[in-house]
Amino acid sequence: MPNRPVPPAAPRRPVTLTAHGDSRVDPWFWLRERDNPDVRDHLEAENAYTKAMLAHTEGLQGRLFDEIVARIQETDASAPARKAPFEYLTRTVEGKQYAIHCRYPIGRPDAEEVLLDENLAAEGHEFFELGGFAVSPDQQLLAYAVDVTGGERLELRFRDLATGRDHADVVTDTYYGLAFANDNRTVFYTRVDDAMRPWQVWRHTVDTPTNDDVLVFEEPDDRYFVNVGRTRSGGFVVIHLESKLTTESLVIASDDPAAPPRLVTAREHGVEYAIDHHAGPDGGEFYVVTNADDAENFKLMVTPAATPDRSQWREVVGHRPDVRLDDVDVFAGHLVLSERTNGLERLSVLHLADGSIRTVDMPEPVYSVGTGANLEYDTNTLRYGYTSLTTPSSAYDYDVTTQEHMLVKRQPVLGGYDPDDFESVREWATAPDGTRVPISLVHRRGLPLDGTAPCLLYGYGSYEISIDPTFSSLRLSLLQRGMVFAIAHIRGGGEMGRHWYEDGKFEHKPNTFTDFVAGAEHLVARGYTSPDRLVARGGSAGGLLMGAVANLRPDLFRAVIAEVPFVDCVTTMLDDTLPLTVTEWEEWGNPVTDPDIYRIMKSYSPYDNVDAKDYPALLVTGGLNDPRVQYWEPAKWVAKLRATKTDDRPLLLKMEMGAGHHGPSGRYDSWRDEALVYAFILDQVGITE
């Protein structure tokens, strides 16, 4: 490239770090000094370098952005969700960054009213995100919480839906999770500690001073996150505590919000449970999804709400080795079971009258399905969402009595999209230990399997989070240019049941990385692509994956996109003063006390394993206000790579200076950001049109 910009070099200021008798020198530890002007200057220099290095793609970025916008029906509305006497929906308007929340009387869309216009709330802020939205039981009051920095500390307000005016009381420094009591004036919310761990539940009464708010519950154990919500039945407010291995729930009757929380059953290490409420005499019953008694893939129990202790639990659906029970949604006459089998999601309906169970039929062999906005408790209609790699996101109503499906809304794709132009398949790679790893793919129909096609391979592989095959109209800009898009469903996720997660954490974490490599090798062997046409992408814990595979097999990838990557995991997990570190020990292991975990973590930590060798082209992102993956992790990693690697391929850091973990908040800003990533990908594989 003529007149190639000079990359910024972060000065080395060595610091010695020691653990378990192992000393490590970290020359870029100083980049953690957020208030040091040299740090901001360095990040700004990295951004300027990235902009200069991508200047030749600006025309392509513009075309991609125009394509993305042209496929989207910019003025649109979600499928309305019924909660008598209203139907609720969310609108978008052409040219506006954020959503508008509305409702209208059932059957009267001409009488629509605006509850909250995020565009108005976002005025004057570089970043805006709605972090909480709850309507009171009488549907006259709205509680909503907003984040205007990306730092995930929210401001809670209350709006009179009859007048559209906000009440005077504003609760600052709150977190996700809201629940109304049945008096329509009492609201429960959460707060975080200095480590950004949600640890308290508070109670506020609307139109009273916030200084009078009452601390309802506090969790002192640093391993646990606290959340609060309201059951669909309206009977209870639930305080749910969750570590990576253990959970516990407490309940407050919605009719008695001042009552102290009542324990469902005491926590037991390694036992997880979650509840939903079925109304009835003597308080009704709680349905419990749990892994108690070695139910690895979870089972469904029921217990009296008045005496909910584990000693009273009775089995409803037993443990099944080939079916993972993810969740239960309780309605007046039936239960909806969210399940997973053979790497695919499914929904089953259990009729309470006779105990019969029917699985909801799906039209494609590879897809994603989940329950949608089901606001009413006493109903025979189930709203569910369906999508696949070729089918746009769709909202269906399913009659649980007649088993009839009705399409309510399908995401419009403008510009003549035809799903028959594309083909979606499921492949299976073989990991080094013989485990079969599923891969979901989509590409233009008739793709020649001769290794000439470029391919984007996505992966995550942590926290039992499943990356299911879903549609993206944005992705069409890659597919229409002949790219293959693939998802490697690697261990550490939850696609194949609880064991899939267990086999990708703690001492088994390296399986996550070798599974991804096996998936890439499989795509090459099958002729879908070749190493000089293969790009890898992942974010957050998936960014750790990107760093690990770039070290492990740099020869296998042309380019890597690592978004907000958790790449300095050893240093972070040794520092319990950082946000979230202590809670993460139950996901990654504790290198402070366990020398074996320290050794394993150090063996895959991307930052600690940067070596003097050729690497793929790299696009790395971060957020200065990110409370989940601190900005200095990608910044340090890039600095070390820049000083160490032996190739001259692009190494770019794009740091959001006014946002957090999820990047730009506005939809047009996020589309423009995606256009930049796509331009980088296409440029690397030699496609400019």
# chains A, B, ... in the order shown; residues from 1 in each chain; ligands from 1
call {"tool": "residues_around", "arguments": {"residues": "Phe158 (chain A)", "least_positions_apart": "6", "cutoff": "7 Å", "atoms": "only C-alpha atoms", "output": "PyMOL selection string"}}
result
chain A and resi 141-144+166-167
call {"tool": "write_last_selection", "arguments": {"atoms": "N, CA and C atoms", "output": "tab-separated table (two decimals), in the first residue's frame"}}
result
chain	number	residue	atom	x	y	z
A	141	LEU	N	-48.88	3.11	34.72
A	141	LEU	CA	-47.58	3.68	35.10
A	141	LEU	C	-46.48	2.89	34.40
A	142	LEU	N	-45.47	3.60	33.92
A	142	LEU	CA	-44.31	2.98	33.28
A	142	LEU	C	-43.07	3.26	34.12
A	143	ALA	N	-42.31	2.21	34.43
A	143	ALA	CA	-40.98	2.36	35.02
A	143	ALA	C	-39.97	2.06	33.93
A	144	TYR	N	-39.04	2.98	33.73
A	144	TYR	CA	-38.02	2.74	32.69
A	144	TYR	C	-36.67	3.23	33.18
A	166	ASP	N	-43.38	12.50	33.25
A	166	ASP	CA	-42.61	11.76	34.25
A	166	ASP	C	-42.86	12.33	35.64
A	167	HIS	N	-42.88	11.45	36.62
A	167	HIS	CA	-42.95	11.88	38.01
A	167	HIS	C	-41.62	12.51	38.43
call {"tool": "residues_around", "arguments": {"residues": "Tyr49 (chain A)", "least_positions_apart": "4", "cutoff": "7 Å", "atoms": "only C-alpha atoms", "output": "MDAnalysis selection string"}}
result
chainID A and resid 5 7 45 53
call {"tool": "write_last_selection", "arguments": {"atoms": "N, CA and C atoms", "output": "compact mmCIF listing (two decimals), in the first residue's frame"}}
result
# COMPACT_ATOMS: atom_id res chain seq x y z
N PRO A 5 0.45 4.21 6.44
CA PRO A 5 0.59 4.92 7.72
C PRO A 5 1.51 4.16 8.68
N PRO A 7 2.23 2.64 12.22
CA PRO A 7 1.42 2.23 13.37
C PRO A 7 1.92 2.85 14.65
N ALA A 45 -4.54 7.60 18.90
CA ALA A 45 -3.59 7.33 17.82
C ALA A 45 -3.91 6.01 17.13
N MET A 53 -5.66 3.23 7.75
CA MET A 53 -5.43 1.94 7.12
C MET A 53 -6.66 1.43 6.36
call {"tool": "closest_residue", "arguments": {"among": "A:Ala292, A:Arg324, A:Pro616, A:Ala258", "to": "Gly270 (chain A)", "atoms": "only C-alpha atoms"}}
result
A:Ala292
call {"tool": "residues_around", "arguments": {"residues": "Leu241 (chain A)", "least_positions_apart": "4", "cutoff": "9 Å", "atoms": "only C-alpha atoms", "output": "ChimeraX atom specification"}}
result
/A:199,219,224-228,246-250
call {"tool": "write_last_selection", "arguments": {"atoms": "C-alpha atoms", "output": "JSON list (two decimals), in the first residue's frame"}}
result
[["chain", "number", "residue", "atom", "x", "y", "z"],
["A", 199, "TRP", "CA", -25.89, -7.48, 44.85],
["A", 219, "GLU", "CA", -26.06, -10.76, 48.89],
["A", 224, "TYR", "CA", -23.53, -14.35, 43.21],
["A", 225, "PHE", "CA", -25.45, -11.98, 40.94],
["A", 226, "VAL", "CA", -28.89, -10.79, 42.09],
["A", 227, "ASN", "CA", -31.87, -10.14, 39.82],
["A", 228, "VAL", "CA", -35.51, -9.30, 40.42],
["A", 246, "THR", "CA", -25.37, -22.49, 42.15],
["A", 247, "THR", "CA", -28.68, -20.62, 42.35],
["A", 248, "GLU", "CA", -31.23, -19.64, 44.97],
["A", 249, "SER", "CA", -34.62, -17.88, 44.86],
["A", 250, "LEU", "CA", -36.65, -15.83, 47.32]]
call {"tool": "select_by_dssp", "arguments": {"residues": "region 270-445 of chain A", "states": "helix (DSSP H, G or I)", "output": "VMD selection string"}}
result
chain A and resid 281 to 283 310 to 312 419 to 421
call {"tool": "closest_residue", "arguments": {"among": "A:Tyr668, A:Gly497, A:Asp138, A:Gly434", "to": "Asp183 (chain A)", "atoms": "only C-alpha atoms"}}
result
A:Asp138
call {"tool": "residues_around", "arguments": {"residues": "Pro281 (chain A)", "least_positions_apart": "4", "cutoff": "12 Å", "atoms": "only C-alpha atoms", "output": "list in words"}}
result
Gly235, Glu285, Pro304, Ala305 and Ala306 of chain A
call {"tool": "residues_around", "arguments": {"residues": "Ala536 (chain A)", "least_positions_apart": "5", "cutoff": "12 Å", "atoms": "only C-alpha atoms", "output": "number ranges by chain"}}
result
A: 454-460, 484-488, 516-517, 519-520, 531, 542-543, 545-550, 553-554, 556-563, 616-620, 677, 681, 684
call {"tool": "write_last_selection", "arguments": {"atoms": "C-alpha atoms", "output": "PDB file, in the first residue's frame"}}
result
ATOM      1  CA  PRO A 454     -14.359 -17.075   0.993  1.00  0.00           C
ATOM      2  CA  CYS A 455     -15.866 -17.997   4.359  1.00  0.00           C
ATOM      3  CA  LEU A 456     -16.626 -16.250   7.653  1.00  0.00           C
ATOM      4  CA  LEU A 457     -16.561 -18.647  10.620  1.00  0.00           C
ATOM      5  CA  TYR A 458     -18.151 -17.381  13.854  1.00  0.00           C
ATOM      6  CA  GLY A 459     -17.671 -18.826  17.339  1.00  0.00           C
ATOM      7  CA  TYR A 460     -18.288 -18.137  21.034  1.00  0.00           C
ATOM      8  CA  VAL A 484     -20.013 -18.792   3.085  1.00  0.00           C
ATOM      9  CA  PHE A 485     -21.188 -17.976   6.615  1.00  0.00           C
ATOM     10  CA  ALA A 486     -20.681 -20.664   9.255  1.00  0.00           C
ATOM     11  CA  ILE A 487     -21.205 -21.033  13.009  1.00  0.00           C
ATOM     12  CA  ALA A 488     -19.024 -23.498  14.913  1.00  0.00           C
ATOM     13  CA  PHE A 516     -13.023 -24.241  16.531  1.00  0.00           C
ATOM     14  CA  VAL A 517      -9.819 -25.223  14.759  1.00  0.00           C
ATOM     15  CA  GLY A 519     -14.387 -26.772  12.461  1.00  0.00           C
ATOM     16  CA  ALA A 520     -12.129 -24.590  10.301  1.00  0.00           C
ATOM     17  CA  PRO A 531      -7.018 -20.948   4.583  1.00  0.00           C
ATOM     18  CA  GLY A 542     -15.556 -15.285  21.746  1.00  0.00           C
ATOM     19  CA  GLY A 543     -12.779 -12.702  21.445  1.00  0.00           C
ATOM     20  CA  LEU A 545     -11.430 -17.676  21.351  1.00  0.00           C
ATOM     21  CA  MET A 546     -10.163 -15.520  18.481  1.00  0.00           C
ATOM     22  CA  GLY A 547      -6.931 -14.698  20.308  1.00  0.00           C
ATOM     23  CA  ALA A 548      -6.349 -18.325  21.258  1.00  0.00           C
ATOM     24  CA  VAL A 549      -6.839 -19.720  17.746  1.00  0.00           C
ATOM     25  CA  ALA A 550      -4.730 -16.919  16.237  1.00  0.00           C
ATOM     26  CA  ARG A 553      -3.164 -21.917  14.172  1.00  0.00           C
ATOM     27  CA  PRO A 554      -2.365 -18.576  12.555  1.00  0.00           C
ATOM     28  CA  LEU A 556      -5.432 -21.464   9.096  1.00  0.00           C
ATOM     29  CA  PHE A 557      -6.979 -17.999   8.795  1.00  0.00           C
ATOM     30  CA  ARG A 558      -6.558 -15.091   6.424  1.00  0.00           C
ATOM     31  CA  ALA A 559      -8.010 -12.633   8.942  1.00  0.00           C
ATOM     32  CA  VAL A 560      -9.494 -12.511  12.430  1.00  0.00           C
ATOM     33  CA  ILE A 561     -12.038 -10.079  13.917  1.00  0.00           C
ATOM     34  CA  ALA A 562     -11.833  -9.987  17.728  1.00  0.00           C
ATOM     35  CA  GLU A 563     -14.511  -7.744  19.242  1.00  0.00           C
ATOM     36  CA  PRO A 616      -3.539 -13.290  10.286  1.00  0.00           C
ATOM     37  CA  ALA A 617      -4.727  -9.769   9.592  1.00  0.00           C
ATOM     38  CA  LEU A 618      -6.455  -8.562  12.749  1.00  0.00           C
ATOM     39  CA  LEU A 619      -9.282  -6.120  13.434  1.00  0.00           C
ATOM     40  CA  VAL A 620      -9.708  -5.650  17.183  1.00  0.00           C
ATOM     41  CA  VAL A 677     -16.241  -4.836   9.628  1.00  0.00           C
ATOM     42  CA  ILE A 681     -13.435  -8.879   5.659  1.00  0.00           C
ATOM     43  CA  GLN A 684      -8.863  -9.248   3.083  1.00  0.00           C
TER      44      GLN A 684
END
